[in-house]
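Student: My file is target.cif. It has mmCIF, C-alpha atoms:
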```cif
data_coords
#
loop_
_atom_site.label_atom_id
_atom_site.label_comp_id
_atom_site.auth_asym_id
_atom_site.auth_seq_id
_atom_site.Cartn_x
_atom_site.Cartn_y
_atom_site.Cartn_z
CA MET A 1 0.00 0.00 0.00
CA PHE A 2 1.14 3.58 -0.78
CA GLY A 3 4.01 2.12 -2.90
CA ILE A 4 6.59 2.11 -0.12
CA SER A 5 7.05 -1.65 0.21
CA SER A 6 10.22 -1.48 -1.93
CA LEU A 7 12.00 0.64 0.72
CA SER A 8 14.26 -1.18 3.15
CA GLY A 9 14.39 -1.50 6.98
CA PRO A 10 14.78 1.80 8.82
CA LEU A 11 13.88 3.90 5.75
CA HIS A 12 10.65 1.94 5.32
CA ALA A 13 9.86 2.35 9.04
CA ALA A 14 10.68 6.08 8.99
CA THR A 15 8.48 6.57 5.90
CA LEU A 16 5.56 4.78 7.56
CA ILE A 17 5.85 6.89 10.73
CA GLY A 18 6.27 10.00 8.58
CA ILE A 19 3.03 9.19 6.72
CA VAL A 20 1.20 8.71 10.05
CA LEU A 21 2.58 12.06 11.29
CA VAL A 22 1.60 13.90 8.09
CA GLU A 23 -1.89 12.35 8.18
CA ALA A 24 -2.24 13.41 11.84
CA LEU A 25 -1.18 16.99 11.06
CA VAL A 26 -3.44 17.24 8.00
CA LEU A 27 -6.40 15.90 9.99
CA HIS A 28 -5.61 18.26 12.88
CA VAL A 29 -5.68 21.24 10.53
CA GLY A 30 -8.71 19.94 8.59
CA TYR A 31 -10.88 19.15 11.60
CA GLY A 32 -9.59 22.35 13.21
CA SER A 33 -11.05 24.36 10.35
CA VAL A 34 -14.36 22.51 10.65
CA PHE A 35 -14.45 23.17 14.43
CA LYS A 36 -13.60 26.84 13.84
CA VAL A 37 -16.44 27.26 11.35
CA ALA A 38 -19.09 25.15 13.08
CA GLY A 39 -17.87 25.03 16.72
CA ASP A 40 -19.38 28.31 17.94
CA GLU A 41 -22.71 27.53 16.28
CA VAL A 42 -22.86 24.10 17.92
CA ILE A 43 -22.01 25.58 21.34
CA SER A 44 -24.64 28.32 20.87
CA SER A 45 -27.32 25.84 19.86
CA ILE A 46 -26.55 23.70 22.94
CA GLU A 47 -26.63 26.81 25.18
CA ASP A 48 -30.02 27.79 23.74
CA GLN A 49 -31.61 24.38 24.40
CA MET B 1 -15.94 -1.02 -3.41
CA ALA B 2 -12.46 -0.94 -1.91
CA ILE B 3 -9.69 1.62 -1.38
CA GLY B 4 -6.10 0.31 -1.38
CA GLY B 5 -7.42 -3.25 -1.07
CA VAL B 6 -9.51 -2.42 2.00
CA SER B 7 -13.31 -2.52 1.80
CA LEU B 8 -15.31 0.62 2.55
CA ALA B 9 -17.15 -1.24 5.32
CA THR B 10 -13.82 -2.03 7.06
CA ILE B 11 -12.65 1.57 6.66
CA ALA B 12 -15.94 2.84 8.14
CA THR B 13 -15.69 0.36 11.05
CA PHE B 14 -12.12 1.43 11.83
CA ALA B 15 -13.02 5.13 11.53
CA GLY B 16 -16.01 4.70 13.87
CA PHE B 17 -13.91 2.80 16.40
CA GLY B 18 -11.25 5.52 16.00
CA VAL B 19 -13.75 8.23 17.01
CA LEU B 20 -14.50 6.32 20.24
CA VAL B 21 -10.84 5.70 21.14
CA GLY B 22 -9.89 9.27 20.16
CA LEU B 23 -12.58 10.72 22.43
CA ILE B 24 -11.34 8.64 25.39
CA PHE B 25 -7.76 9.53 24.53
CA GLY B 26 -8.39 13.24 24.17
CA PHE B 27 -10.38 13.44 27.41
CA PHE B 28 -8.49 11.00 29.68
CA GLY B 29 -5.06 10.93 28.02
CA MET B 30 -5.16 7.13 27.86
CA GLY B 31 -6.93 4.38 25.94
CA SER B 32 -4.18 2.73 23.93
CA PHE B 33 -5.15 -0.59 25.53
CA LEU B 34 -8.44 -0.55 23.58
CA VAL B 35 -6.93 -1.15 20.12
CA PRO B 36 -4.82 -4.36 20.09
CA PRO B 37 -7.59 -6.63 21.52
CA ILE B 38 -9.99 -5.54 18.78
CA LEU B 39 -7.42 -6.11 16.02
CA LEU B 40 -6.68 -9.57 17.46
CA VAL B 41 -10.38 -10.44 17.43
CA MET B 42 -10.55 -9.29 13.80
CA GLY B 43 -7.91 -11.90 12.98
CA TYR B 44 -4.79 -9.73 12.69
CA ASP B 45 -1.45 -11.17 13.74
CA SER B 46 -0.25 -10.05 17.23
CA THR B 47 2.77 -8.16 15.78
CA VAL B 48 0.48 -6.16 13.49
CA ALA B 49 -2.08 -5.64 16.30
CA VAL B 50 0.53 -4.22 18.70
CA GLY B 51 2.61 -2.34 16.09
CA SER B 52 -0.36 -0.75 14.31
CA GLY B 53 -1.95 0.02 17.69
CA LEU B 54 1.19 1.87 18.72
CA ALA B 55 1.43 3.80 15.42
CA PHE B 56 -2.22 4.78 15.90
CA VAL B 57 -1.49 5.91 19.48
CA PHE B 58 1.40 8.01 18.15
CA GLY B 59 -0.82 9.79 15.56
CA THR B 60 -3.67 10.31 18.01
CA ALA B 61 -1.30 11.56 20.73
CA VAL B 62 0.17 14.12 18.30
CA ILE B 63 -3.32 15.46 17.53
CA ALA B 64 -4.39 15.45 21.21
CA THR B 65 -1.13 17.21 22.20
CA LEU B 66 -1.66 19.96 19.62
CA LYS B 67 -5.21 20.53 20.85
CA HIS B 68 -4.21 20.46 24.55
CA ARG B 69 -1.39 22.92 23.72
CA ASP B 70 -3.97 25.29 22.21
CA LEU B 71 -5.81 25.10 25.55
CA ASP B 72 -2.54 25.75 27.44
CA GLN B 73 -2.74 22.30 29.04
CA VAL B 74 0.68 20.95 28.04
CA HIS B 75 3.60 21.57 30.37
CA PRO B 76 6.68 20.81 28.18
CA ARG B 77 9.30 20.72 30.97
CA LEU B 78 7.08 18.49 33.10
CA GLY B 79 6.60 16.35 29.96
CA VAL B 80 10.31 16.01 29.17
CA VAL B 81 11.17 14.84 32.71
CA THR B 82 8.12 12.54 32.62
CA ILE B 83 9.38 10.97 29.37
CA VAL B 84 12.87 10.35 30.79
CA GLY B 85 11.62 8.96 34.14
CA THR B 86 8.93 6.82 32.53
CA THR B 87 11.23 5.45 29.80
CA LEU B 88 13.85 4.34 32.33
CA GLY B 89 11.13 2.92 34.61
CA ILE B 90 9.61 1.00 31.70
CA GLU B 91 13.04 -0.44 30.83
CA VAL B 92 13.49 -1.69 34.42
CA GLY B 93 9.93 -3.08 34.43
CA LYS B 94 10.53 -4.82 31.10
CA ARG B 95 13.55 -6.60 32.57
CA GLY B 96 11.41 -7.65 35.51
CA LEU B 97 8.85 -9.04 33.07
CA LEU B 98 11.53 -11.06 31.25
CA ALA B 99 12.75 -12.43 34.59
CA LEU B 100 9.18 -13.41 35.52
CA ARG B 101 8.76 -15.03 32.09
CA ASP B 102 11.93 -17.06 32.59
CA ALA B 103 10.55 -18.18 35.96
CA GLY B 104 7.27 -19.17 34.28
CA MET B 105 5.27 -16.72 36.40
CA ALA B 106 4.66 -13.92 33.91
CA VAL B 107 1.05 -14.67 32.90
CA GLY B 108 -0.32 -15.05 36.44
CA VAL B 109 1.59 -12.14 38.01
CA VAL B 110 1.04 -9.72 35.13
CA GLY B 111 -2.68 -10.53 34.81
CA GLY B 112 -3.32 -10.26 38.54
CA ALA B 113 -1.22 -7.10 38.98
CA TYR B 114 -2.93 -5.37 36.02
CA VAL B 115 -6.43 -6.02 37.38
CA LEU B 116 -5.44 -5.06 40.94
CA LEU B 117 -3.73 -1.83 39.87
CA LEU B 118 -6.59 -0.75 37.58
CA GLY B 119 -9.15 -1.50 40.29
CA ALA B 120 -7.16 0.08 43.13
CA VAL B 121 -6.27 3.30 41.28
CA GLY B 122 -9.86 3.59 39.99
CA THR B 123 -11.32 3.13 43.49
CA LEU B 124 -8.91 5.67 45.04
CA VAL B 125 -9.64 8.28 42.36
CA ILE B 126 -13.43 7.90 42.73
CA ARG B 127 -13.23 7.91 46.55
CA ASP B 128 -11.18 11.07 46.51
CA ALA B 129 -13.46 12.79 43.99
CA LEU B 130 -16.61 11.89 45.96
CA SER B 131 -15.16 13.00 49.29
CA ALA B 132 -13.76 16.26 47.90
CA GLU B 133 -15.79 19.31 48.70
CA GLY B 134 -17.35 21.03 45.71
CA THR B 135 -17.66 17.96 43.48
CA GLY B 136 -19.46 18.84 40.29
CA GLU B 137 -18.57 22.49 40.52
CA PRO B 138 -16.35 24.11 37.88
CA VAL B 139 -12.69 23.96 38.88
CA GLY B 140 -11.22 27.09 40.37
CA GLU B 141 -8.15 27.94 42.43
CA GLU B 142 -9.90 26.73 45.59
CA ASP B 143 -10.60 23.35 43.94
CA ARG B 144 -6.99 22.69 43.08
CA VAL B 145 -5.71 19.34 44.32
CA THR B 146 -4.03 19.41 47.70
CA VAL B 147 -0.52 18.04 47.63
CA PRO B 148 0.12 15.71 50.57
CA GLU B 149 2.54 17.17 53.12
CA TRP B 150 5.18 14.47 52.64
CA VAL B 151 5.22 15.16 48.90
CA SER B 152 5.62 18.90 49.49
CA SER B 153 8.59 18.20 51.72
CA LEU B 154 10.01 15.82 49.09
CA ALA B 155 9.66 18.56 46.49
CA GLU B 156 11.49 21.00 48.76
CA ILE B 157 14.56 18.76 48.87
CA ASP B 158 16.65 19.44 45.81
CA PRO B 159 19.05 16.50 45.59
CA ILE B 160 21.23 18.34 43.09
CA ALA B 161 21.98 21.05 45.60
CA VAL B 162 22.87 18.56 48.30
CA PRO B 163 25.84 16.57 46.89
CA ALA B 164 27.79 19.50 45.39
CA ASP B 165 27.31 22.83 43.68
CA TRP B 166 29.30 21.76 40.64
CA LEU B 167 26.60 19.19 39.79
CA GLY B 168 24.02 21.99 39.67
CA ARG B 169 26.24 24.00 37.33
CA ILE B 170 26.62 21.23 34.75
CA VAL B 171 22.88 20.53 34.60
CA PRO B 172 21.71 22.48 31.52
CA PHE B 173 18.35 23.56 32.99
CA ASP B 174 16.98 24.89 36.25
CA THR B 175 16.73 22.19 38.87
CA ARG B 176 13.19 23.11 39.84
CA ILE B 177 10.09 23.11 37.66
CA SER B 178 7.39 25.69 38.31
CA LEU B 179 3.97 24.09 38.52
CA PRO B 180 0.79 25.51 37.00
CA GLY B 181 -1.12 27.43 39.66
CA GLY B 182 1.95 28.01 41.84
CA GLY B 183 4.63 26.01 43.64
CA SER B 184 7.48 24.05 42.18
CA ILE B 185 8.99 20.59 42.27
CA ALA B 186 12.62 19.47 42.13
CA VAL B 187 13.43 17.81 38.81
CA TRP B 188 14.80 14.74 40.57
CA SER B 189 11.69 14.32 42.72
CA LEU B 190 9.56 14.40 39.57
CA PHE B 191 11.98 12.00 37.92
CA ALA B 192 11.66 9.60 40.88
CA ILE B 193 7.84 9.73 40.80
CA THR B 194 7.63 9.10 37.02
CA PHE B 195 10.29 6.39 37.24
CA VAL B 196 8.29 4.57 39.92
CA THR B 197 5.10 4.75 37.82
CA GLY B 198 7.08 3.59 34.77
CA VAL B 199 8.24 0.34 36.38
CA PRO B 200 4.77 -1.29 36.59
CA ALA B 201 4.01 0.02 33.08
CA GLY B 202 7.05 -1.86 31.74
CA LEU B 203 6.19 -4.90 33.84
CA LEU B 204 2.65 -5.01 32.45
CA GLY B 205 3.57 -4.04 28.86
CA ILE B 206 1.26 -0.99 28.79
CA GLY B 207 1.58 2.78 28.36
CA GLY B 208 0.92 3.43 32.04
CA GLY B 209 -1.18 6.58 31.64
CA PHE B 210 -3.66 5.31 34.22
CA MET B 211 -0.91 5.48 36.86
CA ARG B 212 0.99 8.51 35.55
CA ILE B 213 -2.05 10.83 35.41
CA PRO B 214 -3.11 10.20 39.06
CA ALA B 215 0.58 10.48 40.11
CA LEU B 216 0.92 13.87 38.38
CA THR B 217 -2.41 14.98 39.86
CA TYR B 218 -2.09 13.73 43.44
CA LEU B 219 1.66 13.50 44.03
CA VAL B 220 2.96 16.41 41.95
CA GLY B 221 -0.15 18.56 42.39
CA VAL B 222 -1.04 19.68 38.85
CA PRO B 223 -4.70 19.98 37.74
CA MET B 224 -5.97 16.87 35.97
CA SER B 225 -6.42 18.65 32.61
CA ILE B 226 -2.71 19.55 32.60
CA ALA B 227 -1.73 16.06 33.77
CA VAL B 228 -3.70 14.68 30.78
CA GLY B 229 -2.17 17.20 28.33
CA THR B 230 1.35 16.49 29.59
CA ASN B 231 0.74 12.74 29.48
CA VAL B 232 -0.39 12.81 25.82
CA PHE B 233 2.70 14.89 24.99
CA ALA B 234 4.88 12.20 26.61
CA LEU B 235 2.91 9.50 24.73
CA ALA B 236 3.44 11.27 21.39
CA ILE B 237 7.20 11.03 21.85
CA SER B 238 7.38 7.52 23.32
CA GLY B 239 4.65 6.25 20.94
CA GLY B 240 6.63 7.56 17.93
CA ILE B 241 9.79 5.77 19.07
CA GLY B 242 7.86 2.55 19.81
CA ALA B 243 5.98 2.68 16.50
CA PHE B 244 9.25 3.15 14.59
CA SER B 245 10.68 0.09 16.31
CA TRP B 246 7.59 -2.01 15.47
CA ALA B 247 7.53 -0.67 11.89
CA GLN B 248 11.04 -2.05 11.39
CA ALA B 249 9.70 -5.46 12.45
CA GLY B 250 6.89 -5.17 9.88
CA GLY B 251 4.22 -4.53 12.52
CA VAL B 252 2.70 -1.30 11.19
CA ASP B 253 -0.11 -1.71 8.64
CA LEU B 254 -1.23 1.61 7.13
CA SER B 255 -4.50 0.11 5.90
CA ILE B 256 -5.41 -0.20 9.61
CA VAL B 257 -3.74 2.93 11.00
CA ALA B 258 -4.96 5.42 8.35
CA PRO B 259 -8.74 4.85 8.80
CA LEU B 260 -8.40 4.54 12.59
CA LEU B 261 -6.64 7.90 12.63
CA LEU B 262 -9.31 9.44 10.40
CA GLY B 263 -11.84 8.79 13.17
CA SER B 264 -9.59 9.31 16.20
CA ALA B 265 -8.45 12.76 14.98
CA LEU B 266 -12.07 13.89 15.25
CA GLY B 267 -12.60 12.10 18.59
CA ALA B 268 -9.34 13.38 20.12
CA ARG B 269 -10.16 16.98 19.16
CA LEU B 270 -13.64 16.63 20.63
CA GLY B 271 -12.33 14.91 23.79
CA SER B 272 -9.59 17.52 24.32
CA THR B 273 -12.06 20.37 23.76
CA ILE B 274 -14.60 19.15 26.31
CA THR B 275 -11.95 18.91 29.07
CA ASP B 276 -12.54 22.67 29.28
CA TYR B 277 -16.27 22.16 29.99
CA VAL B 278 -16.48 19.10 32.27
CA PRO B 279 -15.82 19.98 35.94
CA GLU B 280 -12.64 18.44 37.39
CA GLY B 281 -14.55 16.51 40.09
CA SER B 282 -16.74 14.81 37.46
CA SER B 283 -13.70 14.11 35.24
CA ARG B 284 -12.07 12.22 38.09
CA ILE B 285 -15.19 10.14 38.71
CA TYR B 286 -15.40 9.18 35.02
CA PHE B 287 -11.66 8.44 34.96
CA GLY B 288 -12.04 6.16 38.01
CA ALA B 289 -15.13 4.48 36.52
CA MET B 290 -13.26 3.82 33.28
CA LEU B 291 -10.43 2.15 35.25
CA ILE B 292 -12.77 -0.03 37.34
CA LEU B 293 -14.77 -1.14 34.29
CA SER B 294 -11.51 -1.89 32.48
CA ALA B 295 -10.36 -3.96 35.49
CA VAL B 296 -13.54 -6.06 35.28
CA ALA B 297 -13.09 -6.43 31.50
CA VAL B 298 -9.43 -7.43 31.73
CA ALA B 299 -10.19 -9.89 34.57
CA THR B 300 -12.96 -11.50 32.49
CA LYS B 301 -10.69 -11.77 29.45
CA ARG B 302 -7.83 -13.25 31.51
CA VAL B 303 -10.10 -15.81 33.17
CA GLY B 304 -11.42 -16.75 29.71
CA ALA B 305 -7.87 -17.24 28.43
CA ARG B 306 -6.80 -19.17 31.53
CA LEU B 307 -9.77 -21.56 31.43
CA ASP B 308 -9.65 -21.63 27.62
CA VAL B 309 -13.25 -20.45 27.29
CA PRO B 310 -13.40 -18.47 24.00
CA TRP B 311 -16.78 -16.81 24.70
CA LEU B 312 -15.53 -15.47 28.03
CA ARG B 313 -12.62 -13.80 26.22
CA LEU B 314 -15.12 -12.26 23.80
CA VAL B 315 -17.23 -11.06 26.74
CA GLY B 316 -14.09 -9.40 28.15
CA ILE B 317 -13.44 -7.58 24.88
CA ALA B 318 -17.12 -6.59 24.60
CA LEU B 319 -16.86 -5.19 28.15
CA ILE B 320 -13.78 -3.14 27.18
CA VAL B 321 -15.58 -1.58 24.20
CA GLY B 322 -18.86 -1.30 26.11
CA SER B 323 -17.25 0.50 29.06
CA ALA B 324 -15.51 2.89 26.64
CA LEU B 325 -18.89 3.59 24.98
CA ILE B 326 -20.69 4.16 28.30
CA VAL B 327 -17.99 6.43 29.75
CA SER B 328 -17.77 8.41 26.46
CA ALA B 329 -21.55 8.95 26.53
CA LEU B 330 -21.39 10.12 30.18
CA VAL B 331 -18.54 12.52 29.44
CA LEU B 332 -20.36 14.00 26.42
CA ARG B 333 -23.53 14.35 28.52
CA ALA B 334 -21.59 16.14 31.27
CA ALA B 335 -20.08 18.53 28.72
CA VAL B 336 -23.50 19.31 27.17
CA THR B 337 -24.99 19.91 30.65
CA SER B 338 -22.11 22.23 31.56
CA ILE B 339 -22.46 24.22 28.32
CA ARG B 340 -26.24 24.54 28.89
CA ASP B 341 -25.65 25.75 32.46
CA ASP B 342 -23.17 28.34 31.16
CA GLY B 343 -25.80 29.47 28.65
CA ARG B 344 -28.45 29.84 31.38
CA LYS B 345 -26.06 31.81 33.60
CA GLN B 346 -25.25 34.18 30.74
CA ALA B 347 -28.94 34.57 29.86
CA ALA B 348 -29.97 35.24 33.49
CA PRO B 349 -30.36 38.99 34.27
CA SER B 350 -27.60 40.25 36.54
CA ASP B 351 -28.50 41.76 39.94
#
```
Taking this structure as input, can you express it in the form of structure tokens?
Tutor:
Amino acid sequence: MFGISSLSGPLHAATLIGIVLVEALVLHVGYGSVFKVAGDEVISSIEDQ
Amino acid sequence: MAIGGVSLATIATFAGFGVLVGLIFGFFGMGSFLVPPILLVMGYDSTVAVGSGLAFVFGTAVIATLKHRDLDQVHPRLGVVTIVGTTLGIEVGKRGLLALRDAGMAVGVVGGAYVLLLGAVGTLVIRDALSAEGTGEPVGEEDRVTVPEWVSSLAEIDPIAVPADWLGRIVPFDTRISLPGGGSIAVWSLFAITFVTGVPAGLLGIGGGFMRIPALTYLVGVPMSIAVGTNVFALAISGGIGAFSWAQAGGVDLSIVAPLLLGSALGARLGSTITDYVPEGSSRIYFGAMLILSAVAVATKRVGARLDVPWLRLVGIALIVGSALIVSALVLRAAVTSIRDDGRKQAAPSD
């Protein structure tokens, strides 16, 4: 998967961990944007209930 | 339909499970123990279950750390000493585990100690939270945890200053760490506390957050939200190192980690955010409840394995997931109630 199986030992491991880190950072930014846009509205709607 | 050889149904299952684990992780700063049992039940090899679980913990801890940092709940210097103390403690514990294994006592001792520790720490945390005055009220300065007198006196002793001044001069950072909300602790006292909590973690083959967070809260005296933030910071570093090691052994499968992370990123952000809304007293009760339920689940699973009763092992795993679901629902409910109360207070006319 992701075409990295040809890499060897430590490089393969470092690439895998790098991919996990990049995915985590992208998701943090992505969900962060969603929370920024919708967060206040959700909080307000809960407060109004 | 499949993506990268993985069916959409599997991806959705992993993502959904990721949301649950991420929520627990973001709120309590622990939960790594939830993943490997599920992967094992799904038929994955134990190397892949542990390695992918650790890579997932690394990614989720990075996200939770970033969110806790935004909320000013990560104490980097506390975290760095915690990492060093815990890592050395885990190494010592690991050697103890190998010695027990050689003596043929590992399974019984580890299983029993795990259940006892989970149950005992959970009971102590709940007892303390219920007996504390002001339970259920939003945390303020007056609600800060009280550091036991013997710990305060331990923190006042700076071992570096005792042997010789030259030792203090070669240490590249101040020998005391200022604590959030006032006070300070000697680096070596903090090191000793995190080392001691690291030993059983290494002995049991777990992350040890369930011991480290109460130790930081009760023995060091930091608020639980900062103990959680600092713990996930420590987990991000140690999880990354562990995941790298398992990846070299072929234990990290991205087709598992990527969808799990997709869900846990959302859960961890949500869990970290609501730490700001749930009162500290309630957080401690939920934390204790999570530990006690986990103790029952682990005990059931161990008994099932010992007596070779497959359905009992499945009941244990169902209990682990079920307790995570119940506690997550309670935490979300507490956060919603707190937000509503805030709304009512704001709407109420002032005198």
Student: Which distance in Å separates CA of Gly322 in chain B and CA of Gly32 in chain A, to one decimal?
Tutor: 28.5 Å
Student: Residues picked by the PyMOL selection byres ((chain B) within 9 of (chain A)) here, as JSON, numbers by chain?
Tutor: {"B": [4, 5, 55, 56, 58, 59, 60, 62, 63, 64, 66, 67, 240, 243, 244, 245, 246, 247, 248, 249, 250, 252, 253, 254, 255, 257, 258, 261, 262, 265, 266, 269, 336, 337, 339, 340, 341, 342, 343, 344]}
Student: Could you please determine the separation between CA of Ile292 in chain B and CA of Asp308 in chain B in Å, to one decimal place?
Tutor: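 Calculated distance between CA of Ile292 in chain B and CA of Asp308 in chain B is 23.9 Å.
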Student: Expressed in Å to a single decimal, how great is the separation between CA of Phe287 in chain B and CA of Pro37 in chain B?
Tutor: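 About the pair CA of Phe287 in chain B and CA of Pro37 in chain B: they are 20.6 Å apart.
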Student: Return the single residue from B:Leu23, B:Arg127, B:Gly198, B:Leu54 that is closest to Leu332 in chain B, with distances computed using all atoms listed in the file.
Tutor: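 That would be B:Leu23, the residue with the smallest distance to Leu332 in chain B.
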Student: Need the shell around Leu117 in chain B: protein/DNA/RNA residues with any atom at most 10 Å away, counting only C-alpha atoms. Skip same-chain ones fewer than 5 positions apart. Format as a PyMOL selection string?
Tutor: chain B and resi 112+122-123+200+210-211+291-292+295
Student: Using only C-alpha atoms, which of the listed residues (B:Ile241, B:Ile90, B:Ile274, B:Met290) sits closest to Gly119 in chain B?
Tutor: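 Among B:Ile241, B:Ile90, B:Ile274, B:Met290, it is B:Met290 that comes nearest to Gly119 in chain B.
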Student: Got a minute to add N, CA, C and O atoms to range 27-39 of chain A and dump it as a PDB file, in the coordinates of the input?
Tutor:
```
ATOM      1  N   LEU A  27      -5.092  16.052   9.345  1.00  0.00           N
ATOM      2  CA  LEU A  27      -6.400  15.900   9.990  1.00  0.00           C
ATOM      3  C   LEU A  27      -6.599  16.941  11.093  1.00  0.00           C
ATOM      4  O   LEU A  27      -7.705  17.466  11.266  1.00  0.00           O
ATOM      5  N   HIS A  28      -5.519  17.235  11.821  1.00  0.00           N
ATOM      6  CA  HIS A  28      -5.610  18.260  12.880  1.00  0.00           C
ATOM      7  C   HIS A  28      -6.023  19.602  12.270  1.00  0.00           C
ATOM      8  O   HIS A  28      -6.936  20.275  12.784  1.00  0.00           O
ATOM      9  N   VAL A  29      -5.365  19.961  11.173  1.00  0.00           N
ATOM     10  CA  VAL A  29      -5.680  21.240  10.530  1.00  0.00           C
ATOM     11  C   VAL A  29      -7.094  21.194   9.927  1.00  0.00           C
ATOM     12  O   VAL A  29      -7.887  22.128  10.088  1.00  0.00           O
ATOM     13  N   GLY A  30      -7.403  20.077   9.242  1.00  0.00           N
ATOM     14  CA  GLY A  30      -8.710  19.940   8.590  1.00  0.00           C
ATOM     15  C   GLY A  30      -9.869  19.998   9.570  1.00  0.00           C
ATOM     16  O   GLY A  30     -10.788  20.822   9.424  1.00  0.00           O
ATOM     17  N   TYR A  31      -9.808  19.143  10.601  1.00  0.00           N
ATOM     18  CA  TYR A  31     -10.880  19.150  11.600  1.00  0.00           C
ATOM     19  C   TYR A  31     -10.888  20.475  12.375  1.00  0.00           C
ATOM     20  O   TYR A  31     -11.938  20.948  12.799  1.00  0.00           O
ATOM     21  N   GLY A  32      -9.681  21.055  12.525  1.00  0.00           N
ATOM     22  CA  GLY A  32      -9.590  22.350  13.210  1.00  0.00           C
ATOM     23  C   GLY A  32     -10.397  23.409  12.477  1.00  0.00           C
ATOM     24  O   GLY A  32     -11.105  24.202  13.103  1.00  0.00           O
ATOM     25  N   SER A  33     -10.291  23.388  11.152  1.00  0.00           N
ATOM     26  CA  SER A  33     -11.050  24.360  10.350  1.00  0.00           C
ATOM     27  C   SER A  33     -12.545  24.128  10.511  1.00  0.00           C
ATOM     28  O   SER A  33     -13.328  25.072  10.635  1.00  0.00           O
ATOM     29  N   VAL A  34     -12.934  22.850  10.491  1.00  0.00           N
ATOM     30  CA  VAL A  34     -14.360  22.510  10.650  1.00  0.00           C
ATOM     31  C   VAL A  34     -14.855  23.012  12.017  1.00  0.00           C
ATOM     32  O   VAL A  34     -15.928  23.630  12.125  1.00  0.00           O
ATOM     33  N   PHE A  35     -14.066  22.741  13.073  1.00  0.00           N
ATOM     34  CA  PHE A  35     -14.450  23.170  14.430  1.00  0.00           C
ATOM     35  C   PHE A  35     -14.538  24.689  14.499  1.00  0.00           C
ATOM     36  O   PHE A  35     -15.397  25.238  15.190  1.00  0.00           O
ATOM     37  N   LYS A  36     -13.613  25.364  13.789  1.00  0.00           N
ATOM     38  CA  LYS A  36     -13.600  26.840  13.840  1.00  0.00           C
ATOM     39  C   LYS A  36     -14.869  27.392  13.195  1.00  0.00           C
ATOM     40  O   LYS A  36     -15.471  28.333  13.699  1.00  0.00           O
ATOM     41  N   VAL A  37     -15.267  26.777  12.075  1.00  0.00           N
ATOM     42  CA  VAL A  37     -16.440  27.260  11.350  1.00  0.00           C
ATOM     43  C   VAL A  37     -17.735  26.897  12.085  1.00  0.00           C
ATOM     44  O   VAL A  37     -18.619  27.745  12.273  1.00  0.00           O
ATOM     45  N   ALA A  38     -17.818  25.619  12.522  1.00  0.00           N
ATOM     46  CA  ALA A  38     -19.090  25.150  13.080  1.00  0.00           C
ATOM     47  C   ALA A  38     -19.129  25.126  14.604  1.00  0.00           C
ATOM     48  O   ALA A  38     -20.209  25.040  15.192  1.00  0.00           O
ATOM     49  N   GLY A  39     -17.948  25.192  15.260  1.00  0.00           N
ATOM     50  CA  GLY A  39     -17.870  25.030  16.720  1.00  0.00           C
ATOM     51  C   GLY A  39     -18.751  25.987  17.493  1.00  0.00           C
ATOM     52  O   GLY A  39     -19.549  25.576  18.343  1.00  0.00           O
TER      53      GLY A  39
END
```
